[in-house]
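A.B. asks: Pasting coords_38.pdb here (PDB, C-alpha atoms):
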```pdb
ATOM      1  CA  MET E   1      14.345  17.026  12.387
ATOM      2  CA  GLU E   2      16.393  13.835  12.681
ATOM      3  CA  PRO E   3      14.612  10.453  12.235
ATOM      4  CA  ASP E   4      15.186   9.476  15.847
ATOM      5  CA  GLU E   5      13.527  12.683  17.032
ATOM      6  CA  LEU E   6      10.545  12.085  14.752
ATOM      7  CA  LEU E   7      10.106   8.535  16.029
ATOM      8  CA  GLU E   8      10.436   9.473  19.692
ATOM      9  CA  ARG E   9       6.845  10.802  19.828
ATOM     10  CA  LEU E  10       5.676   7.329  18.857
ATOM     11  CA  ARG E  11       7.997   5.459  21.211
ATOM     12  CA  GLU E  12       7.108   7.576  24.234
ATOM     13  CA  ALA E  13       3.419   6.603  24.139
ATOM     14  CA  PRO E  14       2.924   3.452  22.048
ATOM     15  CA  GLU E  15      -0.497   2.884  23.593
ATOM     16  CA  ARG E  16      -1.603   6.066  21.772
ATOM     17  CA  ALA E  17       0.120   5.392  18.445
ATOM     18  CA  ALA E  18      -0.383   3.329  15.287
ATOM     19  CA  LEU E  19       1.921   1.746  12.748
ATOM     20  CA  VAL E  20       0.321   1.399   9.314
ATOM     21  CA  LEU E  21       2.288  -0.327   6.581
ATOM     22  CA  ASP E  22       2.015  -1.163   2.911
ATOM     23  CA  VAL E  23       2.907  -4.766   2.077
ATOM     24  CA  ASP E  24       4.593  -5.258  -1.310
ATOM     25  CA  GLY E  25       7.889  -3.429  -1.565
ATOM     26  CA  VAL E  26       7.647  -2.397   2.088
ATOM     27  CA  LEU E  27       7.239  -5.505   4.249
ATOM     28  CA  ALA E  28       7.643  -8.056   1.443
ATOM     29  CA  PRO E  29      10.403  -7.662  -1.155
ATOM     30  CA  ILE E  30       9.174  -7.178  -4.727
ATOM     31  CA  VAL E  31       9.249 -10.421  -6.742
ATOM     32  CA  ASP E  32       8.544 -11.241 -10.378
ATOM     33  CA  ARG E  33       5.246 -12.991  -9.614
ATOM     34  CA  PRO E  34       2.957 -11.274  -7.056
ATOM     35  CA  GLU E  35       1.646 -14.635  -5.840
ATOM     36  CA  ASP E  36       5.193 -15.579  -4.748
ATOM     37  CA  ALA E  37       5.652 -12.613  -2.405
ATOM     38  CA  ARG E  38       6.210 -13.380   1.280
ATOM     39  CA  VAL E  39       7.127 -11.347   4.338
ATOM     40  CA  PRO E  40      10.394 -12.717   5.786
ATOM     41  CA  GLU E  41      10.189 -14.491   9.133
ATOM     42  CA  ALA E  42      12.447 -11.911  10.792
ATOM     43  CA  THR E  43      10.008  -9.187   9.723
ATOM     44  CA  ARG E  44       7.062 -11.192  11.046
ATOM     45  CA  ASP E  45       8.815 -11.542  14.393
ATOM     46  CA  GLU E  46       9.223  -7.781  14.568
ATOM     47  CA  LEU E  47       5.590  -7.175  13.655
ATOM     48  CA  ARG E  48       4.482  -9.556  16.408
ATOM     49  CA  ARG E  49       6.513  -7.585  18.935
ATOM     50  CA  LEU E  50       5.156  -4.253  17.741
ATOM     51  CA  ASN E  51       1.580  -5.540  17.749
ATOM     52  CA  GLY E  52       1.921  -6.271  21.448
ATOM     53  CA  ARG E  53       3.268  -2.782  22.116
ATOM     54  CA  TYR E  54       1.300  -0.329  19.931
ATOM     55  CA  ALA E  55      -2.392   0.554  19.889
ATOM     56  CA  LEU E  56      -2.652  -0.559  16.274
ATOM     57  CA  VAL E  57      -0.477  -2.328  13.726
ATOM     58  CA  ALA E  58      -2.231  -2.477  10.358
ATOM     59  CA  CYS E  59      -1.492  -3.255   6.733
ATOM     60  CA  VAL E  60      -3.114  -1.195   3.974
ATOM     61  CA  SER E  61      -2.463  -2.887   0.659
ATOM     62  CA  GLY E  62      -3.380  -2.875  -2.989
ATOM     63  CA  ARG E  63      -3.933  -6.614  -2.616
ATOM     64  CA  ALA E  64      -7.224  -7.976  -1.371
ATOM     65  CA  GLY E  65      -7.192  -7.987   2.419
ATOM     66  CA  ASP E  66      -7.209 -11.779   2.701
ATOM     67  CA  ASP E  67      -4.316 -12.005   0.270
ATOM     68  CA  ALA E  68      -2.338  -9.389   2.198
ATOM     69  CA  ARG E  69      -2.946 -11.449   5.351
ATOM     70  CA  ARG E  70      -1.588 -14.522   3.556
ATOM     71  CA  VAL E  71       1.550 -12.711   2.422
ATOM     72  CA  VAL E  72       2.226 -11.196   5.844
ATOM     73  CA  GLY E  73       1.323 -14.407   7.681
ATOM     74  CA  LEU E  74      -0.013 -12.845  10.900
ATOM     75  CA  ASP E  75      -3.718 -13.101  11.666
ATOM     76  CA  GLU E  76      -3.506 -10.730  14.631
ATOM     77  CA  LEU E  77      -2.834  -7.602  12.554
ATOM     78  CA  VAL E  78      -5.547  -5.452  10.958
ATOM     79  CA  TYR E  79      -5.771  -5.612   7.153
ATOM     80  CA  VAL E  80      -7.454  -3.277   4.671
ATOM     81  CA  GLY E  81      -7.173  -4.287   1.032
ATOM     82  CA  GLU E  82      -7.697  -2.917  -2.463
ATOM     83  CA  HIS E  83      -6.393   0.562  -1.597
ATOM     84  CA  GLY E  84      -9.145   1.034   0.972
ATOM     85  CA  LEU E  85     -11.999   0.045  -1.352
ATOM     86  CA  GLU E  86     -12.891  -2.845   0.969
ATOM     87  CA  LEU E  87     -14.200  -0.187   3.364
ATOM     88  CA  ASP E  88     -16.370   1.530   0.712
ATOM     89  CA  PRO E  89     -19.939   0.153   0.488
ATOM     90  CA  GLU E  90     -20.267   1.472  -3.081
ATOM     91  CA  ALA E  91     -17.276  -0.456  -4.417
ATOM     92  CA  PRO E  92     -18.867  -3.923  -4.929
ATOM     93  CA  ALA E  93     -21.335  -2.466  -7.433
ATOM     94  CA  TRP E  94     -18.410  -1.929  -9.822
ATOM     95  CA  SER E  95     -17.130  -5.504  -9.807
ATOM     96  CA  SER E  96     -19.023  -6.699 -12.885
ATOM     97  CA  ARG E  97     -18.019  -3.622 -14.888
ATOM     98  CA  LEU E  98     -14.369  -4.168 -13.961
ATOM     99  CA  ARG E  99     -14.608  -7.808 -14.989
ATOM    100  CA  GLU E 100     -16.117  -6.854 -18.356
ATOM    101  CA  PHE E 101     -13.275  -4.438 -18.963
ATOM    102  CA  ALA E 102     -10.669  -7.064 -18.028
ATOM    103  CA  GLU E 103     -12.166  -9.450 -20.580
ATOM    104  CA  SER E 104     -11.672  -6.822 -23.292
ATOM    105  CA  VAL E 105      -7.914  -6.538 -22.668
ATOM    106  CA  ALA E 106      -5.473  -8.962 -24.293
ATOM    107  CA  TRP E 107      -3.157  -9.014 -21.297
ATOM    108  CA  PRO E 108      -2.990 -11.233 -18.198
ATOM    109  CA  VAL E 109      -4.952  -9.629 -15.404
ATOM    110  CA  GLU E 110      -4.982  -9.982 -11.647
ATOM    111  CA  ASP E 111      -8.672  -9.527 -10.850
ATOM    112  CA  LYS E 112      -8.920  -8.647  -7.171
ATOM    113  CA  GLY E 113     -12.670  -8.128  -7.245
ATOM    114  CA  LEU E 114     -12.703  -4.370  -6.653
ATOM    115  CA  THR E 115      -9.632  -3.486  -8.746
ATOM    116  CA  LEU E 116      -7.662  -4.895 -11.675
ATOM    117  CA  SER E 117      -3.880  -5.139 -11.978
ATOM    118  CA  PHE E 118      -2.034  -5.581 -15.273
ATOM    119  CA  HIS E 119       1.552  -6.471 -14.378
ATOM    120  CA  TYR E 120       4.455  -6.169 -16.825
ATOM    121  CA  ARG E 121       7.502  -6.898 -14.659
ATOM    122  CA  THR E 122       8.132 -10.176 -16.512
ATOM    123  CA  ALA E 123       7.417  -8.831 -20.024
ATOM    124  CA  GLU E 124      10.104  -9.613 -22.606
ATOM    125  CA  ASP E 125       9.971  -5.986 -23.803
ATOM    126  CA  PRO E 126       8.948  -3.757 -20.861
ATOM    127  CA  ASP E 127       8.867  -0.610 -23.031
ATOM    128  CA  ALA E 128       6.491  -2.206 -25.536
ATOM    129  CA  ALA E 129       4.383  -3.534 -22.660
ATOM    130  CA  GLU E 130       4.131  -0.082 -21.109
ATOM    131  CA  THR E 131       3.144   1.405 -24.479
ATOM    132  CA  TYR E 132       0.368  -1.166 -24.829
ATOM    133  CA  LEU E 133      -0.844  -0.586 -21.282
ATOM    134  CA  LEU E 134      -0.884   3.176 -21.808
ATOM    135  CA  ASP E 135      -3.520   2.501 -24.451
ATOM    136  CA  VAL E 136      -5.358   0.237 -21.992
ATOM    137  CA  ALA E 137      -5.278   3.076 -19.462
ATOM    138  CA  THR E 138      -6.845   5.430 -22.009
ATOM    139  CA  ARG E 139      -9.574   2.901 -22.757
ATOM    140  CA  ALA E 140     -10.236   2.446 -19.029
ATOM    141  CA  ARG E 141     -10.583   6.189 -18.572
ATOM    142  CA  ASP E 142     -12.938   6.416 -21.546
ATOM    143  CA  THR E 143     -15.227   3.816 -19.936
ATOM    144  CA  GLY E 144     -15.413   5.745 -16.661
ATOM    145  CA  LEU E 145     -12.826   3.747 -14.736
ATOM    146  CA  VAL E 146      -9.687   5.162 -13.118
ATOM    147  CA  PRO E 147      -6.266   3.906 -14.282
ATOM    148  CA  ARG E 148      -3.090   4.443 -12.295
ATOM    149  CA  PHE E 149       0.445   3.222 -12.958
ATOM    150  CA  GLY E 150       2.584   1.865 -10.132
ATOM    151  CA  ARG E 151       5.776  -0.170  -9.945
ATOM    152  CA  MET E 152       5.633  -2.133 -13.234
ATOM    153  CA  VAL E 153       1.853  -2.402 -13.002
ATOM    154  CA  LEU E 154      -1.233  -0.676 -14.340
ATOM    155  CA  GLU E 155      -4.075  -0.650 -11.822
ATOM    156  CA  VAL E 156      -7.669   0.039 -12.834
ATOM    157  CA  ARG E 157     -10.253   0.896 -10.213
ATOM    158  CA  PRO E 158     -13.745   2.361  -9.789
ATOM    159  CA  PRO E 159     -14.204   6.157  -9.876
ATOM    160  CA  LEU E 160     -14.708   6.452  -6.131
ATOM    161  CA  GLU E 161     -13.100   8.922  -3.719
ATOM    162  CA  THR E 162     -11.520   6.076  -1.795
ATOM    163  CA  ASN E 163      -7.814   5.398  -1.443
ATOM    164  CA  LYS E 164      -5.135   4.450   1.062
ATOM    165  CA  GLY E 165      -5.534   7.867   2.656
ATOM    166  CA  THR E 166      -9.225   7.342   3.385
ATOM    167  CA  ALA E 167      -8.351   3.893   4.776
ATOM    168  CA  VAL E 168      -5.757   5.386   7.137
ATOM    169  CA  ARG E 169      -8.230   8.054   8.297
ATOM    170  CA  HIS E 170     -10.840   5.372   9.000
ATOM    171  CA  LEU E 171      -8.427   3.201  10.993
ATOM    172  CA  LEU E 172      -7.138   6.068  13.121
ATOM    173  CA  ARG E 173     -10.462   7.807  13.753
ATOM    174  CA  ALA E 174     -12.201   4.568  14.703
ATOM    175  CA  ARG E 175      -9.651   4.138  17.499
ATOM    176  CA  GLY E 176      -9.152   7.788  18.435
ATOM    177  CA  ILE E 177      -5.457   7.631  17.516
ATOM    178  CA  GLU E 178      -3.603  10.890  16.878
ATOM    179  CA  ARG E 179      -0.040   9.626  16.411
ATOM    180  CA  ALA E 180       0.944   7.312  13.574
ATOM    181  CA  LEU E 181       3.655   6.099  11.238
ATOM    182  CA  TYR E 182       2.877   5.116   7.659
ATOM    183  CA  ALA E 183       5.396   3.333   5.426
ATOM    184  CA  GLY E 184       4.941   3.046   1.660
ATOM    185  CA  ASP E 185       6.853   2.764  -1.584
ATOM    186  CA  ASP E 186       4.545   3.688  -4.472
ATOM    187  CA  SER E 187       2.314   6.444  -5.823
ATOM    188  CA  THR E 188      -0.819   5.113  -4.095
ATOM    189  CA  ASP E 189       0.934   5.550  -0.740
ATOM    190  CA  LEU E 190       1.138   9.307  -1.221
ATOM    191  CA  ASP E 191      -2.574   9.530  -0.338
ATOM    192  CA  ALA E 192      -1.757   7.883   3.001
ATOM    193  CA  PHE E 193       1.135  10.287   3.563
ATOM    194  CA  ARG E 194      -1.281  13.196   3.140
ATOM    195  CA  ALA E 195      -3.766  11.689   5.590
ATOM    196  CA  LEU E 196      -1.174  12.029   8.349
ATOM    197  CA  ASP E 197      -1.350  15.824   7.945
ATOM    198  CA  GLU E 198      -4.641  15.682   9.841
ATOM    199  CA  ILE E 199      -3.390  14.164  13.101
ATOM    200  CA  GLU E 200      -1.289  15.400  16.006
ATOM    201  CA  TRP E 201       1.908  13.605  14.946
ATOM    202  CA  GLY E 202       2.555  11.723  11.733
ATOM    203  CA  VAL E 203       5.755  10.104  10.501
ATOM    204  CA  ARG E 204       5.917   9.261   6.796
ATOM    205  CA  VAL E 205       8.469   6.607   5.850
ATOM    206  CA  GLY E 206       9.341   6.233   2.198
ATOM    207  CA  VAL E 207      10.842   2.971   0.962
ATOM    208  CA  VAL E 208      12.606   4.194  -2.164
ATOM    209  CA  SER E 209      13.687   2.286  -5.277
ATOM    210  CA  ASP E 210      14.678   2.986  -8.859
ATOM    211  CA  GLU E 211      11.167   1.938  -9.925
ATOM    212  CA  GLY E 212       9.286   4.029  -7.385
ATOM    213  CA  PRO E 213       8.003   7.580  -7.939
ATOM    214  CA  ARG E 214      10.125  10.552  -6.894
ATOM    215  CA  GLY E 215       7.216  11.754  -4.798
ATOM    216  CA  ILE E 216       7.814   9.030  -2.229
ATOM    217  CA  ALA E 217      11.195  10.434  -1.195
ATOM    218  CA  GLU E 218       9.953  14.009  -1.512
ATOM    219  CA  GLY E 219       6.888  13.365   0.660
ATOM    220  CA  ALA E 220       8.629  11.267   3.304
ATOM    221  CA  ASP E 221       9.954  12.396   6.674
ATOM    222  CA  VAL E 222      12.270   9.380   6.786
ATOM    223  CA  VAL E 223      13.692   7.531   3.771
ATOM    224  CA  VAL E 224      14.952   3.935   3.705
ATOM    225  CA  GLY E 225      16.325   2.020   0.762
ATOM    226  CA  SER E 226      14.711  -1.406   1.116
ATOM    227  CA  PRO E 227      12.362  -3.586   3.177
ATOM    228  CA  ASP E 228      15.413  -4.757   5.144
ATOM    229  CA  GLU E 229      16.215  -1.163   6.098
ATOM    230  CA  LEU E 230      12.602  -0.624   7.116
ATOM    231  CA  VAL E 231      12.835  -3.578   9.520
ATOM    232  CA  GLU E 232      15.923  -2.001  11.084
ATOM    233  CA  LEU E 233      13.909   1.188  11.608
ATOM    234  CA  LEU E 234      10.991  -0.743  13.109
ATOM    235  CA  ARG E 235      13.367  -2.355  15.613
ATOM    236  CA  THR E 236      13.953   1.089  17.118
ATOM    237  CA  LEU E 237      10.261   1.530  17.972
TER     238      LEU E 237
END
```
Could you take the file, read its structure, and then write that structure out as C-alpha cells?
C.D. replies:
Amino acid sequence: MEPDELLERLREAPERAALVLDVDGVLAPIVDRPEDARVPEATRDELRRLNGRYALVACVSGRAGDDARRVVGLDELVYVGEHGLELDPEAPAWSSRLREFAESVAWPVEDKGLTLSFHYRTAEDPDAAETYLLDVATRARDTGLVPRFGRMVLEVRPPLETNKGTAVRHLLRARGIERALYAGDDSTDLDAFRALDEIEWGVRVGVVSDEGPRGIAEGADVVVGSPDELVELLRTL
C-alpha cells in the first residue's frame, strides 16, 4: 500500500487518531552532545498545528520526560520519558542500584534517574569505545540490569517489562484511540512499532540512517531519510 493510502485513515478522522513520535533523530536532528539537541522551529510549528487537529500528539523518548519537553519546546504535547519507565511504579526502586553501577564505570554517564546512557559519538576511537562498552554491557547484565545499544550509545535500564511499546499502549488505551502513527529511528522504537499491531489502524514510520538498525526500515510501513523528511510527511496529515 502506498504511503498516502496508509495515512488517509488518519487524515479522514483526526479526532480518533494519535501521532506518537520519538524525539532524538526523529524530531530533533542528532548532534554530538545530547544536551545541545533542539527541535527546529519549523517542526514546532507543524506540531502545534497537528496538536490542534488530532486527538493526541505525544512524544515517547529515551530522555527524561521533562528533558524531552525542553528539547521539543512545546508544553501542550504529552511526554513520556525513559522509554516508558516513567509510567512504571516499580522503576524508581532501581534508581540507587543504577547509580551505584554508573559509579563503577570509568566512562562519562548521562544519569536520567531510571536509566543510564553511555554515549560514544564524540570518542576519539569509536571502535575502541564500543569494545570497552561491550564489556560494560556484560557487567551490567551480570548485575541484573539490562543493557541495550542504540545509535552510538549504550543504555542500561532496570529489568522491567516496560518499553516504548508499553508506553504507546498506555497512551492509546487511556484515550480509547484505535488509529495511530508512530515514528522512530532506533532499536527501542521497534517495541512501539509492534504495539501498533494491536489497534485498528497503525502506521509505522521509520527514520533511517547509516547508524540506525536495519530493523527500523524492515519494520516500517513508511520510510523517510531524515527529520526534515519526516516534517514533510507530517505536513500531509
A.B. asks: With all atoms listed in the file as the basis for distance, which of E:Ala192, E:Ile199, E:Val105, E:Leu237 is at the shortest distance from E:Glu46?
C.D. replies: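 The shortest atom-to-atom distance to E:Glu46 comes from E:Leu237.
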A.B. asks: Could you give me, as an MDAnalysis selection string, the residues that sit within 10 Å of (10.0, 12.1, 13.5) in the file's coordinates, counting all atoms listed in the file?
C.D. replies: chainID E and resid 1:10 181 201:205 221:222
A.B. asks: Would you translate the PyMOL selection byres ((chain E and resi 220) around 12) into the concrete set of residues it matches in this file, as number ranges by chain?
C.D. replies: E: 3, 6, 181-186, 189-194, 196-197, 202-208, 213-219, 221-224
A.B. asks: Check what the PyMOL selection byres ((chain E and resi 115) around 6) selects in the file above and give those residues as JSON, numbers by chain.
C.D. replies: {"E": [112, 113, 114, 116, 156, 157]}
A.B. asks: Given the file shown, determine the residues that the PyMOL selection byres ((chain E and resi 54) around 8) selects; report them as a PyMOL selection string.
C.D. replies: chain E and resi 14-19+50-53+55-57
A.B. asks: Using all atoms listed in the file, which of the listed residues (E:Arg141, E:Arg69, E:Arg48, E:His119) sits closest to E:Ala28?
C.D. replies: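 Among the listed residues, the smallest separation from E:Ala28 belongs to E:Arg69.
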A.B. asks: Counting all atoms listed in the file, figure out which residue out of E:Val20, E:Ala140, E:Val231, E:Cys59 gets nearest to E:Val71.
C.D. replies: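 Counting all atoms listed in the file, the residue closest to E:Val71 is E:Cys59.
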A.B. asks: Listed atoms of stretch 20-34 of chain E, axis-aligned box, 5 Å per side: centre and edge lengths to one decimal in Å, as AutoDock Vina command-line options?
C.D. replies:
```
--center_x 5.4 --center_y -5.8 --center_z -0.5 --size_x 20.1 --size_y 24.4 --size_z 29.7
```
A.B. asks: What does the distance between atom CA of E:Arg33 and atom CA of E:Arg151 come to in Å, to one decimal place?
C.D. replies: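 These atoms are spaced 12.8 Å apart.
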A.B. asks: With distances taken over all atoms listed in the file, which of E:Ala58, E:Leu171, E:Ala93, E:Ala64 is nearest to E:Tyr79?
C.D. replies: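 Closest to E:Tyr79, using all atoms listed in the file: E:Ala58.
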A.B. asks: Using all atoms listed in the file, determine which residues lie at most 12 Å from E:Arg63, disregarding the query and same-chain residues fewer than 3 positions distant; provide the list as an MDAnalysis selection string.
C.D. replies: chainID E and resid 22:24 34:35 37 59:60 66:72 79:86 110:117 155 164
A.B. asks: Which one of E:Ala106, E:Val168, E:Val26, E:Leu21 sits closest to E:Gly225 if you count all atoms listed in the file?
C.D. replies: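 Result for the nearest residue to E:Gly225: E:Val26.
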A.B. asks: Which one of E:Ala102, E:Thr122, E:Ala13, E:Pro158 sits closest to E:Val136 if you count only C-alpha atoms?
C.D. replies: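 Among the listed residues, the smallest separation from E:Val136 belongs to E:Ala102.
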A.B. asks: Taking (10.0, -7.1, 8.4) in the file's own coordinates, collect the residues within 10 Å, counting only C-alpha atoms, and hand them back as a short mmCIF file (atom, residue, chain, number, x, y, z; two decimals) with C-alpha atoms, keeping the file's coordinate frame.
C.D. replies:
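Contents of part34.cif, freshly written:
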```
data_model
loop_
_atom_site.label_atom_id
_atom_site.label_comp_id
_atom_site.auth_asym_id
_atom_site.auth_seq_id
_atom_site.Cartn_x
_atom_site.Cartn_y
_atom_site.Cartn_z
CA VAL E 23 2.91 -4.77 2.08
CA VAL E 26 7.65 -2.40 2.09
CA LEU E 27 7.24 -5.50 4.25
CA ALA E 28 7.64 -8.06 1.44
CA PRO E 29 10.40 -7.66 -1.16
CA VAL E 39 7.13 -11.35 4.34
CA PRO E 40 10.39 -12.72 5.79
CA GLU E 41 10.19 -14.49 9.13
CA ALA E 42 12.45 -11.91 10.79
CA THR E 43 10.01 -9.19 9.72
CA ARG E 44 7.06 -11.19 11.05
CA ASP E 45 8.82 -11.54 14.39
CA GLU E 46 9.22 -7.78 14.57
CA LEU E 47 5.59 -7.18 13.66
CA VAL E 72 2.23 -11.20 5.84
CA PRO E 227 12.36 -3.59 3.18
CA ASP E 228 15.41 -4.76 5.14
CA GLU E 229 16.22 -1.16 6.10
CA LEU E 230 12.60 -0.62 7.12
CA VAL E 231 12.84 -3.58 9.52
CA GLU E 232 15.92 -2.00 11.08
CA LEU E 233 13.91 1.19 11.61
CA LEU E 234 10.99 -0.74 13.11
CA ARG E 235 13.37 -2.36 15.61
#
```
A.B. asks: Please complete stretch 190-220 of chain E with N, CA and C atoms and give it back as a PDB file, in the frame of the given file.
C.D. replies:
```
ATOM      1  N   LEU E 190       1.100   7.865  -1.461  1.00  0.00           N
ATOM      2  CA  LEU E 190       1.138   9.307  -1.221  1.00  0.00           C
ATOM      3  C   LEU E 190      -0.170   9.804  -0.611  1.00  0.00           C
ATOM      4  N   ASP E 191      -1.291   9.160  -0.957  1.00  0.00           N
ATOM      5  CA  ASP E 191      -2.574   9.530  -0.338  1.00  0.00           C
ATOM      6  C   ASP E 191      -2.524   9.275   1.167  1.00  0.00           C
ATOM      7  N   ALA E 192      -1.886   8.185   1.572  1.00  0.00           N
ATOM      8  CA  ALA E 192      -1.757   7.883   3.001  1.00  0.00           C
ATOM      9  C   ALA E 192      -0.822   8.871   3.682  1.00  0.00           C
ATOM     10  N   PHE E 193       0.250   9.261   3.008  1.00  0.00           N
ATOM     11  CA  PHE E 193       1.135  10.287   3.563  1.00  0.00           C
ATOM     12  C   PHE E 193       0.332  11.550   3.887  1.00  0.00           C
ATOM     13  N   ARG E 194      -0.510  11.964   2.943  1.00  0.00           N
ATOM     14  CA  ARG E 194      -1.281  13.196   3.140  1.00  0.00           C
ATOM     15  C   ARG E 194      -2.283  13.072   4.282  1.00  0.00           C
ATOM     16  N   ALA E 195      -2.798  11.876   4.495  1.00  0.00           N
ATOM     17  CA  ALA E 195      -3.766  11.689   5.590  1.00  0.00           C
ATOM     18  C   ALA E 195      -3.142  11.974   6.950  1.00  0.00           C
ATOM     19  N   LEU E 196      -1.838  11.781   7.072  1.00  0.00           N
ATOM     20  CA  LEU E 196      -1.174  12.029   8.349  1.00  0.00           C
ATOM     21  C   LEU E 196      -1.056  13.519   8.666  1.00  0.00           C
ATOM     22  N   ASP E 197      -1.339  14.380   7.681  1.00  0.00           N
ATOM     23  CA  ASP E 197      -1.350  15.824   7.945  1.00  0.00           C
ATOM     24  C   ASP E 197      -2.449  16.204   8.923  1.00  0.00           C
ATOM     25  N   GLU E 198      -3.441  15.338   9.079  1.00  0.00           N
ATOM     26  CA  GLU E 198      -4.641  15.682   9.841  1.00  0.00           C
ATOM     27  C   GLU E 198      -4.580  15.261  11.302  1.00  0.00           C
ATOM     28  N   ILE E 199      -3.487  14.637  11.719  1.00  0.00           N
ATOM     29  CA  ILE E 199      -3.390  14.164  13.101  1.00  0.00           C
ATOM     30  C   ILE E 199      -2.305  14.931  13.851  1.00  0.00           C
ATOM     31  N   GLU E 200      -2.231  14.684  15.135  1.00  0.00           N
ATOM     32  CA  GLU E 200      -1.289  15.400  16.006  1.00  0.00           C
ATOM     33  C   GLU E 200       0.163  15.180  15.596  1.00  0.00           C
ATOM     34  N   TRP E 201       0.522  13.921  15.268  1.00  0.00           N
ATOM     35  CA  TRP E 201       1.908  13.605  14.946  1.00  0.00           C
ATOM     36  C   TRP E 201       1.962  12.459  13.946  1.00  0.00           C
ATOM     37  N   GLY E 202       2.446  12.751  12.754  1.00  0.00           N
ATOM     38  CA  GLY E 202       2.555  11.723  11.733  1.00  0.00           C
ATOM     39  C   GLY E 202       3.983  11.596  11.240  1.00  0.00           C
ATOM     40  N   VAL E 203       4.422  10.378  11.047  1.00  0.00           N
ATOM     41  CA  VAL E 203       5.755  10.104  10.501  1.00  0.00           C
ATOM     42  C   VAL E 203       5.579   9.308   9.218  1.00  0.00           C
ATOM     43  N   ARG E 204       6.049   9.876   8.117  1.00  0.00           N
ATOM     44  CA  ARG E 204       5.917   9.261   6.796  1.00  0.00           C
ATOM     45  C   ARG E 204       7.251   8.626   6.425  1.00  0.00           C
ATOM     46  N   VAL E 205       7.246   7.333   6.206  1.00  0.00           N
ATOM     47  CA  VAL E 205       8.469   6.607   5.850  1.00  0.00           C
ATOM     48  C   VAL E 205       8.365   6.170   4.398  1.00  0.00           C
ATOM     49  N   GLY E 206       9.304   6.621   3.597  1.00  0.00           N
ATOM     50  CA  GLY E 206       9.341   6.233   2.198  1.00  0.00           C
ATOM     51  C   GLY E 206      10.370   5.145   1.958  1.00  0.00           C
ATOM     52  N   VAL E 207       9.928   4.041   1.366  1.00  0.00           N
ATOM     53  CA  VAL E 207      10.842   2.971   0.962  1.00  0.00           C
ATOM     54  C   VAL E 207      11.141   3.217  -0.515  1.00  0.00           C
ATOM     55  N   VAL E 208      12.316   3.722  -0.816  1.00  0.00           N
ATOM     56  CA  VAL E 208      12.606   4.194  -2.164  1.00  0.00           C
ATOM     57  C   VAL E 208      13.267   3.096  -3.004  1.00  0.00           C
ATOM     58  N   SER E 209      13.078   3.215  -4.320  1.00  0.00           N
ATOM     59  CA  SER E 209      13.687   2.286  -5.277  1.00  0.00           C
ATOM     60  C   SER E 209      13.799   2.996  -6.604  1.00  0.00           C
ATOM     61  N   ASP E 210      14.558   2.411  -7.517  1.00  0.00           N
ATOM     62  CA  ASP E 210      14.678   2.986  -8.859  1.00  0.00           C
ATOM     63  C   ASP E 210      13.342   2.975  -9.589  1.00  0.00           C
ATOM     64  N   GLU E 211      12.473   2.041  -9.266  1.00  0.00           N
ATOM     65  CA  GLU E 211      11.167   1.938  -9.925  1.00  0.00           C
ATOM     66  C   GLU E 211      10.131   2.893  -9.335  1.00  0.00           C
ATOM     67  N   GLY E 212      10.304   3.260  -8.085  1.00  0.00           N
ATOM     68  CA  GLY E 212       9.286   4.029  -7.385  1.00  0.00           C
ATOM     69  C   GLY E 212       9.244   5.484  -7.827  1.00  0.00           C
ATOM     70  N   PRO E 213       8.136   6.173  -7.556  1.00  0.00           N
ATOM     71  CA  PRO E 213       8.003   7.580  -7.939  1.00  0.00           C
ATOM     72  C   PRO E 213       8.868   8.486  -7.072  1.00  0.00           C
ATOM     73  N   ARG E 214       9.323   9.586  -7.654  1.00  0.00           N
ATOM     74  CA  ARG E 214      10.125  10.552  -6.894  1.00  0.00           C
ATOM     75  C   ARG E 214       9.348  11.103  -5.711  1.00  0.00           C
ATOM     76  N   GLY E 215       8.030  11.168  -5.856  1.00  0.00           N
ATOM     77  CA  GLY E 215       7.216  11.754  -4.798  1.00  0.00           C
ATOM     78  C   GLY E 215       7.323  11.039  -3.471  1.00  0.00           C
ATOM     79  N   ILE E 216       7.691   9.760  -3.489  1.00  0.00           N
ATOM     80  CA  ILE E 216       7.814   9.030  -2.229  1.00  0.00           C
ATOM     81  C   ILE E 216       8.926   9.628  -1.377  1.00  0.00           C
ATOM     82  N   ALA E 217      10.092   9.834  -1.953  1.00  0.00           N
ATOM     83  CA  ALA E 217      11.195  10.434  -1.195  1.00  0.00           C
ATOM     84  C   ALA E 217      10.882  11.881  -0.835  1.00  0.00           C
ATOM     85  N   GLU E 218      10.257  12.602  -1.753  1.00  0.00           N
ATOM     86  CA  GLU E 218       9.953  14.009  -1.512  1.00  0.00           C
ATOM     87  C   GLU E 218       8.906  14.192  -0.422  1.00  0.00           C
ATOM     88  N   GLY E 219       7.962  13.238  -0.322  1.00  0.00           N
ATOM     89  CA  GLY E 219       6.888  13.365   0.660  1.00  0.00           C
ATOM     90  C   GLY E 219       7.188  12.728   1.996  1.00  0.00           C
ATOM     91  N   ALA E 220       8.313  12.023   2.086  1.00  0.00           N
ATOM     92  CA  ALA E 220       8.629  11.267   3.304  1.00  0.00           C
ATOM     93  C   ALA E 220       9.375  12.125   4.319  1.00  0.00           C
TER      94      ALA E 220
END
```
